[in-house]
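The next block holds one structure in the form of structure tokens; read it before the comments.
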Amino acid sequence: LFHADNAYYLELFHGKTIAFKDMALSILPYLLTVSAKKNKVTNEIVILTATSGDTGKAALAGFAGVEGTKIIVFYPKDGVSPIQERQMVTQKGDNTHVIAVHGNFDHCQTGVKEIFSNKELGRELEKAGYQFSSANSINIGRLIPQIVYYVYAYCCLYKNGHIKKDEKINGVIYNMSPAPGYKHGIINNNINTIIKQNLKHSLCLVFMENLDFKYHPEENDDYVCPDIMIVCDRKH
């Protein structure tokens with residue numbers, strides 16, 4: 001927790017891949033395997049994950065070499081940054097696999113969902129001794145660790161005397177698609193999370209204002225995950 005300019009910053013870039021998702025995705029493989037053992041799951045767990053850049057490499061690094069698991073990451077070809085692509089395709093580990101998709105992130109995500117919902121494929125995998133799981137945010141083992149650092153920040157501020165007992169704080173998150181000013185409370189409403197808009201043209205805002213999707217790649221070229229801006233499946 002770093003203090004500067006009258007604000008406190010959670011530095012979440014100290015992991016293996018310099019992504020904020022490293023913390024959760026370094027813990028998830030072990031939560032998953034321990035849970036499998038406790039529930040007497042004998043199948044090898046195959047992780048299917050769609051990524052716009054940061055999740056993929058962090059998940060690959062987390063699951064690499066973890067016994068009883070394999071991981072397959074799908075990413076949009078030309079839809080992630082060059083550094084992220086190199087990180088993924090050079091990942092070491094016999095249980096790691098990376099697949100580039102000629103399409104956008106939504107094609108990757110939709111494809112993974114279709115695989116999960118294919119019951120016939122699920123039965124074939126069961127016979128072969130495998131079963132699917134995910135490293136995306138639908139996995140509760142991914143979400144719980146991502147809540148922990150908000151609790152940690154609050155506890156640090158209280159311990160160091162920067163806030164009083166039960167005093168509220170505002171946690172600010174810069175996000176790519178939600179509308180600005182969206183708020184929700186966690187931990188007995190002591191932490192108000194404000195999601196700030198950091199793109200010039202939010203798809204959510206453009207859709208609400210114009211009832212149509214518009215994308216301006218020439219104005220968003222500097223963003224790390226540009227492909228997530230393109231949404232081809234409107235029902236989502």
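Residue numbering restarts at 1 for every chain of the structure tokens, chains are lettered A, B, ... in their displayed order, and ligands are numbered from 1 as they appear.
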Nearby residues (only C-alpha atoms) at most 9 Å from A:Ser133, same-chain spacing under 4 positions excluded, as a PDB file with all heavy atoms, in the first residue's frame:
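And here's out_18.pdb as it stands now:
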ATOM      1  N   ILE A  45      -7.920 -31.949 -14.045  1.00  0.00           N
ATOM      2  CA  ILE A  45      -8.716 -30.743 -14.290  1.00  0.00           C
ATOM      3  C   ILE A  45      -8.119 -29.962 -15.450  1.00  0.00           C
ATOM      4  O   ILE A  45      -6.933 -29.608 -15.428  1.00  0.00           O
ATOM      5  CB  ILE A  45      -8.786 -29.867 -13.029  1.00  0.00           C
ATOM      6  CG1 ILE A  45      -9.455 -30.649 -11.885  1.00  0.00           C
ATOM      7  CG2 ILE A  45      -9.565 -28.584 -13.311  1.00  0.00           C
ATOM      8  CD1 ILE A  45      -9.345 -29.976 -10.537  1.00  0.00           C
ATOM      9  N   VAL A  46      -8.952 -29.715 -16.463  1.00  0.00           N
ATOM     10  CA  VAL A  46      -8.508 -28.960 -17.642  1.00  0.00           C
ATOM     11  C   VAL A  46      -9.098 -27.556 -17.569  1.00  0.00           C
ATOM     12  O   VAL A  46     -10.314 -27.380 -17.618  1.00  0.00           O
ATOM     13  CB  VAL A  46      -8.965 -29.648 -18.948  1.00  0.00           C
ATOM     14  CG1 VAL A  46      -8.501 -28.837 -20.157  1.00  0.00           C
ATOM     15  CG2 VAL A  46      -8.428 -31.069 -19.012  1.00  0.00           C
ATOM     16  N   ILE A  47      -8.243 -26.572 -17.419  1.00  0.00           N
ATOM     17  CA  ILE A  47      -8.674 -25.183 -17.314  1.00  0.00           C
ATOM     18  C   ILE A  47      -8.811 -24.590 -18.715  1.00  0.00           C
ATOM     19  O   ILE A  47      -7.877 -24.600 -19.500  1.00  0.00           O
ATOM     20  CB  ILE A  47      -7.654 -24.345 -16.510  1.00  0.00           C
ATOM     21  CG1 ILE A  47      -7.453 -24.936 -15.111  1.00  0.00           C
ATOM     22  CG2 ILE A  47      -8.096 -22.885 -16.428  1.00  0.00           C
ATOM     23  CD1 ILE A  47      -8.681 -24.920 -14.237  1.00  0.00           C
ATOM     24  N   LEU A  48     -10.000 -24.090 -19.026  1.00  0.00           N
ATOM     25  CA  LEU A  48     -10.230 -23.369 -20.277  1.00  0.00           C
ATOM     26  C   LEU A  48     -10.409 -21.898 -19.947  1.00  0.00           C
ATOM     27  O   LEU A  48     -11.247 -21.541 -19.118  1.00  0.00           O
ATOM     28  CB  LEU A  48     -11.482 -23.885 -20.992  1.00  0.00           C
ATOM     29  CG  LEU A  48     -11.484 -25.323 -21.485  1.00  0.00           C
ATOM     30  CD1 LEU A  48     -12.771 -25.611 -22.246  1.00  0.00           C
ATOM     31  CD2 LEU A  48     -10.285 -25.607 -22.364  1.00  0.00           C
ATOM     32  N   THR A  49      -9.642 -21.036 -20.583  1.00  0.00           N
ATOM     33  CA  THR A  49      -9.703 -19.611 -20.275  1.00  0.00           C
ATOM     34  C   THR A  49      -9.610 -18.780 -21.548  1.00  0.00           C
ATOM     35  O   THR A  49      -8.766 -19.033 -22.401  1.00  0.00           O
ATOM     36  CB  THR A  49      -8.553 -19.211 -19.327  1.00  0.00           C
ATOM     37  OG1 THR A  49      -8.750 -19.841 -18.059  1.00  0.00           O
ATOM     38  CG2 THR A  49      -8.499 -17.714 -19.122  1.00  0.00           C
ATOM     39  N   PHE A 116     -18.000 -25.485 -22.557  1.00  0.00           N
ATOM     40  CA  PHE A 116     -18.487 -25.817 -21.218  1.00  0.00           C
ATOM     41  C   PHE A 116     -19.908 -26.391 -21.257  1.00  0.00           C
ATOM     42  O   PHE A 116     -20.258 -27.274 -20.472  1.00  0.00           O
ATOM     43  CB  PHE A 116     -18.477 -24.581 -20.315  1.00  0.00           C
ATOM     44  CG  PHE A 116     -17.135 -24.267 -19.719  1.00  0.00           C
ATOM     45  CD1 PHE A 116     -16.649 -22.977 -19.699  1.00  0.00           C
ATOM     46  CD2 PHE A 116     -16.350 -25.257 -19.162  1.00  0.00           C
ATOM     47  CE1 PHE A 116     -15.415 -22.672 -19.155  1.00  0.00           C
ATOM     48  CE2 PHE A 116     -15.115 -24.978 -18.614  1.00  0.00           C
ATOM     49  CZ  PHE A 116     -14.652 -23.678 -18.608  1.00  0.00           C
ATOM     50  N   ASN A 139     -15.184 -18.305 -11.776  1.00  0.00           N
ATOM     51  CA  ASN A 139     -14.673 -19.219 -10.760  1.00  0.00           C
ATOM     52  C   ASN A 139     -14.545 -18.480  -9.432  1.00  0.00           C
ATOM     53  O   ASN A 139     -13.799 -17.505  -9.324  1.00  0.00           O
ATOM     54  CB  ASN A 139     -13.312 -19.770 -11.194  1.00  0.00           C
ATOM     55  CG  ASN A 139     -12.877 -20.959 -10.360  1.00  0.00           C
ATOM     56  OD1 ASN A 139     -13.068 -20.974  -9.147  1.00  0.00           O
ATOM     57  ND2 ASN A 139     -12.288 -21.952 -11.004  1.00  0.00           N
TER      58      ASN A 139
END
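When the distance limit is 8 Å and only C-alpha atoms are what count, the residues near stretch 22-39 of chain A, minus those fewer than 5 positions from it on the same chain, are Leu12, Phe13, Gly15, Lys16, Thr17, Ala58, Ala59, Ala61, Gly62, Phe63, Val66, Gly68, Ala135, Gly141, Arg142, Leu143, Ile144, Pro145 and Gln146 of chain A.
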Quiz prompt | Within 12 Å of stretch 161-165 of chain A using only C-alpha atoms, minus same-chain residues under 5 positions, as a list in words | solution =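 Everything that qualifies: His3, Asn6, Ala7, Tyr8, Ala153, Tyr154, Cys155, Cys156, Asn170, Asn190 and Ile191 of chain A.
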Contacts of A:Gln91 within 9 Å, only C-alpha atoms, excl. fewer than 2 positions in-chain, as a compact mmCIF listing (two decimals) with C-alpha atoms, in the first residue's frame:
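This went into out22.txt:
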# COMPACT_ATOMS: atom_id res chain seq x y z
CA LYS A 57 -0.50 -15.04 -18.98
CA LEU A 60 -0.61 -19.81 -17.43
CA ALA A 61 2.04 -18.77 -14.92
CA ALA A 64 2.33 -24.12 -14.91
CA ARG A 86 5.12 -13.08 -26.28
CA GLN A 87 4.52 -13.74 -22.59
CA MET A 88 1.86 -16.33 -23.40
CA VAL A 89 3.50 -18.16 -26.33
CA GLY A 93 5.34 -25.99 -18.56
CA THR A 96 0.26 -25.28 -20.57
CA HIS A 97 -1.25 -24.65 -24.01
CA VAL A 98 -2.00 -21.43 -25.90
Exercise. Using only C-alpha atoms, pick whichever of A:Lys113, A:Glu85, A:His107, A:Ile169 has the shortest atom-to-atom distance to A:Val151.
Key: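 Of A:Lys113, A:Glu85, A:His107, A:Ile169, the one nearest A:Val151, counting only C-alpha atoms, is A:Ile169.
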